[in-house]
Every structure is written in structure tokens, then in C-alpha cells.
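Coordinates as given in input.cif (mmCIF, C-alpha atoms and all ligand atoms):
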data_model
loop_
_atom_site.group_PDB
_atom_site.id
_atom_site.type_symbol
_atom_site.label_atom_id
_atom_site.label_comp_id
_atom_site.auth_asym_id
_atom_site.auth_seq_id
_atom_site.Cartn_x
_atom_site.Cartn_y
_atom_site.Cartn_z
ATOM 1 C CA MET A 47 138.085 99.483 85.502
ATOM 2 C CA GLU A 48 141.530 97.874 85.377
ATOM 3 C CA ARG A 49 142.128 94.858 87.546
ATOM 4 C CA LYS A 50 144.966 96.571 89.376
ATOM 5 C CA LYS A 51 142.679 99.429 90.329
ATOM 6 C CA LEU A 52 139.898 97.086 91.342
ATOM 7 C CA GLU A 53 142.304 95.281 93.618
ATOM 8 C CA PHE A 54 143.324 98.604 95.141
ATOM 9 C CA PHE A 55 139.709 99.529 95.915
ATOM 10 C CA LYS A 56 139.004 96.059 97.211
ATOM 11 C CA GLN A 57 141.816 96.414 99.738
ATOM 12 C CA LEU A 58 140.551 99.871 100.665
ATOM 13 C CA LEU A 59 137.053 98.502 101.275
ATOM 14 C CA LEU A 60 138.308 95.546 103.284
ATOM 15 C CA LYS A 61 140.405 97.833 105.451
ATOM 16 C CA ARG A 62 137.416 100.063 106.101
ATOM 17 C CA LYS A 63 135.257 97.114 106.989
ATOM 18 C CA GLU A 64 137.888 95.856 109.401
ATOM 19 C CA GLU A 65 138.099 99.264 111.082
ATOM 20 C CA ILE A 66 134.359 99.411 111.626
ATOM 21 C CA LEU A 67 134.249 95.892 113.030
ATOM 22 C CA ARG A 68 137.207 96.519 115.318
ATOM 23 C CA GLU A 69 135.575 99.656 116.642
ATOM 24 C CA ALA A 70 132.355 97.788 117.274
ATOM 25 C CA LEU A 71 134.247 95.053 119.084
ATOM 26 C CA GLU A 72 135.872 97.623 121.344
ATOM 27 C CA THR A 73 132.493 99.122 122.131
ATOM 28 C CA LYS A 74 131.264 95.660 122.978
ATOM 29 C CA LYS A 75 134.256 95.038 125.219
ATOM 30 C CA GLU A 76 133.758 98.345 127.026
ATOM 31 C CA LEU A 77 130.137 97.536 127.745
ATOM 32 C CA THR A 78 131.086 94.146 129.116
ATOM 33 C CA GLU A 79 133.891 95.550 131.250
ATOM 34 C CA ARG A 80 131.663 98.215 132.725
ATOM 35 C CA GLY A 81 129.275 95.428 133.561
ATOM 36 C CA GLU A 82 126.324 97.358 132.307
ATOM 37 C CA PRO A 83 123.248 95.224 132.231
ATOM 38 C CA LEU A 84 121.977 94.661 128.749
ATOM 39 C CA PRO A 85 118.299 94.810 127.953
ATOM 40 C CA ASP A 86 116.838 91.309 128.185
ATOM 41 C CA ALA A 87 116.096 90.937 124.518
ATOM 42 C CA LEU A 88 119.575 91.983 123.570
ATOM 43 C CA ASP A 89 121.114 89.722 126.201
ATOM 44 C CA GLN A 90 119.107 86.807 124.907
ATOM 45 C CA ALA A 91 120.204 87.492 121.360
ATOM 46 C CA ALA A 92 123.790 87.788 122.532
ATOM 47 C CA ARG A 93 123.691 84.216 123.721
ATOM 48 C CA GLU A 94 121.999 82.967 120.624
ATOM 49 C CA SER A 95 124.011 84.437 117.807
ATOM 50 C CA ASP A 96 126.127 87.291 116.701
ATOM 51 C CA LEU A 97 122.921 89.116 115.878
ATOM 52 C CA ALA A 98 123.443 91.087 119.064
ATOM 53 C CA PHE A 99 126.810 92.080 117.808
ATOM 54 C CA GLU A 100 125.072 93.498 114.807
ATOM 55 C CA LEU A 101 122.537 95.205 117.027
ATOM 56 C CA ARG A 102 125.283 96.913 118.930
ATOM 57 C CA LEU A 103 126.758 98.326 115.794
ATOM 58 C CA ARG A 104 125.547 101.815 115.596
ATOM 59 C CA ASP A 105 122.993 102.498 112.921
ATOM 60 C CA ARG A 106 125.377 104.564 110.858
ATOM 61 C CA GLU A 107 128.021 101.845 110.987
ATOM 62 C CA GLN A 108 125.522 99.208 109.969
ATOM 63 C CA LYS A 109 124.532 101.243 106.951
ATOM 64 C CA LEU A 110 128.153 101.800 106.028
ATOM 65 C CA LEU A 111 128.929 98.104 106.401
ATOM 66 C CA LYS A 112 126.083 97.237 104.070
ATOM 67 C CA LYS A 113 127.391 99.704 101.524
ATOM 68 C CA ILE A 114 130.865 98.225 101.803
ATOM 69 C CA GLU A 115 129.504 94.695 101.292
ATOM 70 C CA LYS A 116 127.600 95.902 98.268
ATOM 71 C CA ALA A 117 130.696 97.574 96.827
ATOM 72 C CA LEU A 118 132.708 94.386 97.361
ATOM 73 C CA LYS A 119 130.076 92.445 95.425
ATOM 74 C CA LYS A 120 130.277 95.006 92.656
ATOM 75 C CA ILE A 121 134.007 94.448 92.445
ATOM 76 C CA GLU A 122 133.303 90.731 91.983
ATOM 77 C CA ASP A 123 130.654 91.200 89.306
ATOM 78 C CA GLY A 124 132.562 93.919 87.482
ATOM 79 C CA SER A 125 130.142 96.805 88.018
ATOM 80 C CA TYR A 126 132.264 98.620 90.576
ATOM 81 C CA GLY A 127 132.947 102.304 89.970
ATOM 82 C CA ILE A 128 129.950 102.781 87.680
ATOM 83 C CA CYS A 129 127.207 105.155 88.764
ATOM 84 C CA GLU A 130 123.980 103.242 89.429
ATOM 85 C CA VAL A 131 121.836 106.058 88.096
ATOM 86 C CA CYS A 132 123.515 107.428 84.981
ATOM 87 C CA GLY A 133 125.916 104.581 84.182
ATOM 88 C CA GLU A 134 128.929 106.869 83.940
ATOM 89 C CA PRO A 135 132.218 106.021 85.677
ATOM 90 C CA ILE A 136 132.490 107.507 89.159
ATOM 91 C CA ASN A 137 135.423 109.887 89.612
ATOM 92 C CA GLU A 138 138.341 107.974 91.107
ATOM 93 C CA LYS A 139 139.172 110.690 93.622
ATOM 94 C CA ARG A 140 135.649 110.322 94.920
ATOM 95 C CA LEU A 141 136.084 106.563 95.151
ATOM 96 C CA ILE A 142 139.319 106.931 97.073
ATOM 97 C CA ALA A 143 137.570 109.187 99.604
ATOM 98 C CA ARG A 144 134.415 107.050 99.643
ATOM 99 C CA PRO A 145 135.147 103.611 98.204
ATOM 100 C CA GLU A 146 131.596 102.494 99.026
ATOM 101 C CA ALA A 147 130.044 105.138 96.751
ATOM 102 C CA THR A 148 127.599 103.816 94.153
ATOM 103 C CA LEU A 149 126.599 107.141 92.638
ATOM 104 C CA CYS A 150 128.641 109.759 90.835
ATOM 105 C CA ILE A 151 128.793 113.144 92.523
ATOM 106 C CA GLU A 152 126.164 114.695 90.222
ATOM 107 C CA CYS A 153 123.646 111.930 90.859
ATOM 108 C CA LYS A 154 124.439 111.940 94.579
ATOM 109 C CA ARG A 155 123.734 115.656 94.764
ATOM 110 C CA ALA A 156 120.513 115.223 92.817
ATOM 111 C CA GLN A 157 119.480 112.444 95.220
ATOM 112 C CA GLU A 158 120.230 114.608 98.256
ATOM 113 C CA ARG A 159 118.179 117.436 96.799
ATOM 114 C CA MET A 160 115.262 115.041 96.303
ATOM 115 C CA GLU A 161 115.598 113.776 99.863
ATOM 116 C CA LYS A 162 115.492 117.317 101.180
ATOM 117 C CA ILE A 163 112.369 118.065 99.174
ATOM 118 C CA ARG A 164 110.708 114.909 100.457
ATOM 119 C CA GLY A 165 111.908 115.798 103.970
ATOM 120 C CA GLU A 166 113.842 112.567 104.512
HETATM 121 ZN ZN ZN B 201 125.564 109.412 87.926
#
Would you write out, as C-alpha cells, the structure that this file holds?
Amino acid sequence: MERKKLEFFKQLLLKRKEEILREALETKKELTERGEPLPDALDQAARESDLAFELRLRDREQKLLKKIEKALKKIEDGSYGICEVCGEPINEKRLIARPEATLCIECKRAQERMEKIRGE
């Protein structure tokens, strides 16, 4: 992929990451403002590190963040935009809609079919 395009996707990924983190921060703020007591373990963690911050990220957001981090690494090592299964370039329209994608649409569909069969 051309450097100009890589830079474009990098910005897209960084923006997405920022949005997720901002949303999580707002959730955190809301909880604090409402003065809801946190479970002890979580409260403890909150004092110790930003692990609690991570814990408060919803599961889906955490997964998405991980995917974004992975995609950013791929941009660095030059493997971004290549399907992890078949090695073909991922359609750019797909990448614009889902910059964190690591599979082309065909492989993604095949994976989802397998997951359904396995009942995941
Ligand atoms: Zn593929």
C-alpha cells in the first residue's frame, strides 16, 4: 500500500481510538458524578492503576481497541491492508468503513460461517 494511503488509514485508526477512549472517559465521569459505589475490587484497582479504566471499557470497546492497536502495528510493519488468511489485499472501501479489519470480506464471511457452525 502507498505511504499516502497508509498515513490516511493511520489517521482514521487514531481518530477511532480517540473516540472510544473519550467515550469511556465520559462513562467514567458519569459514574463518579452519580457517586455510585464501585465494587471493592474495582475501586482498589482504580487507585492502583489505570487497569480499572480498562475494566470500565465495555467488552466490545476493549475488543475494538485491541483490533485498532493491532492495525496500527500492521501499518508500522507494512502488513496493513493484507488479509491474514488468504494474503490478498483487503478492499479499500471495506478498510474505510472498518479500518481495523484484518480479513478480506470473503475470509470474514467464511470465518463467521465457521463460528455459527461451532456455535460461538
Ligand atoms: Zn482473505
Practice problem: Using all atoms listed in the file, find each residue with an atom at most 9 Å away from ligand ZN 201 (chain B) and format the answer as a list in words. | Solution: Ile128, Cys129, Glu130, Val131, Cys132, Gly133, Glu134, Pro135, Ile136, Thr148, Leu149, Cys150, Ile151, Glu152, Cys153 and Lys154 of chain A
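In this model, the gap between CA of Ala147 in chain A and CA of Gly127 in chain A comes to 7.9 Å.
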Selection result for the PyMOL selection byres (((chain A and resi 63) around 12) and not hetatm) on this file, as a VMD selection string: chain A and resid 56 to 62 64 to 70 107 to 118 145 to 146
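Going from CA of Glu138 in chain A over to CA of Ile163 in chain A, you cover 29.0 Å.
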Atom pair CA of Phe55 in chain A + CA of Ile121 in chain A, distance 8.4 Å
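With only C-alpha atoms as the atoms that count, the minimum distance from Tyr126 in chain A to the choices A:Leu141, A:Leu71, A:Thr78, A:Arg155 is reached by A:Leu141.
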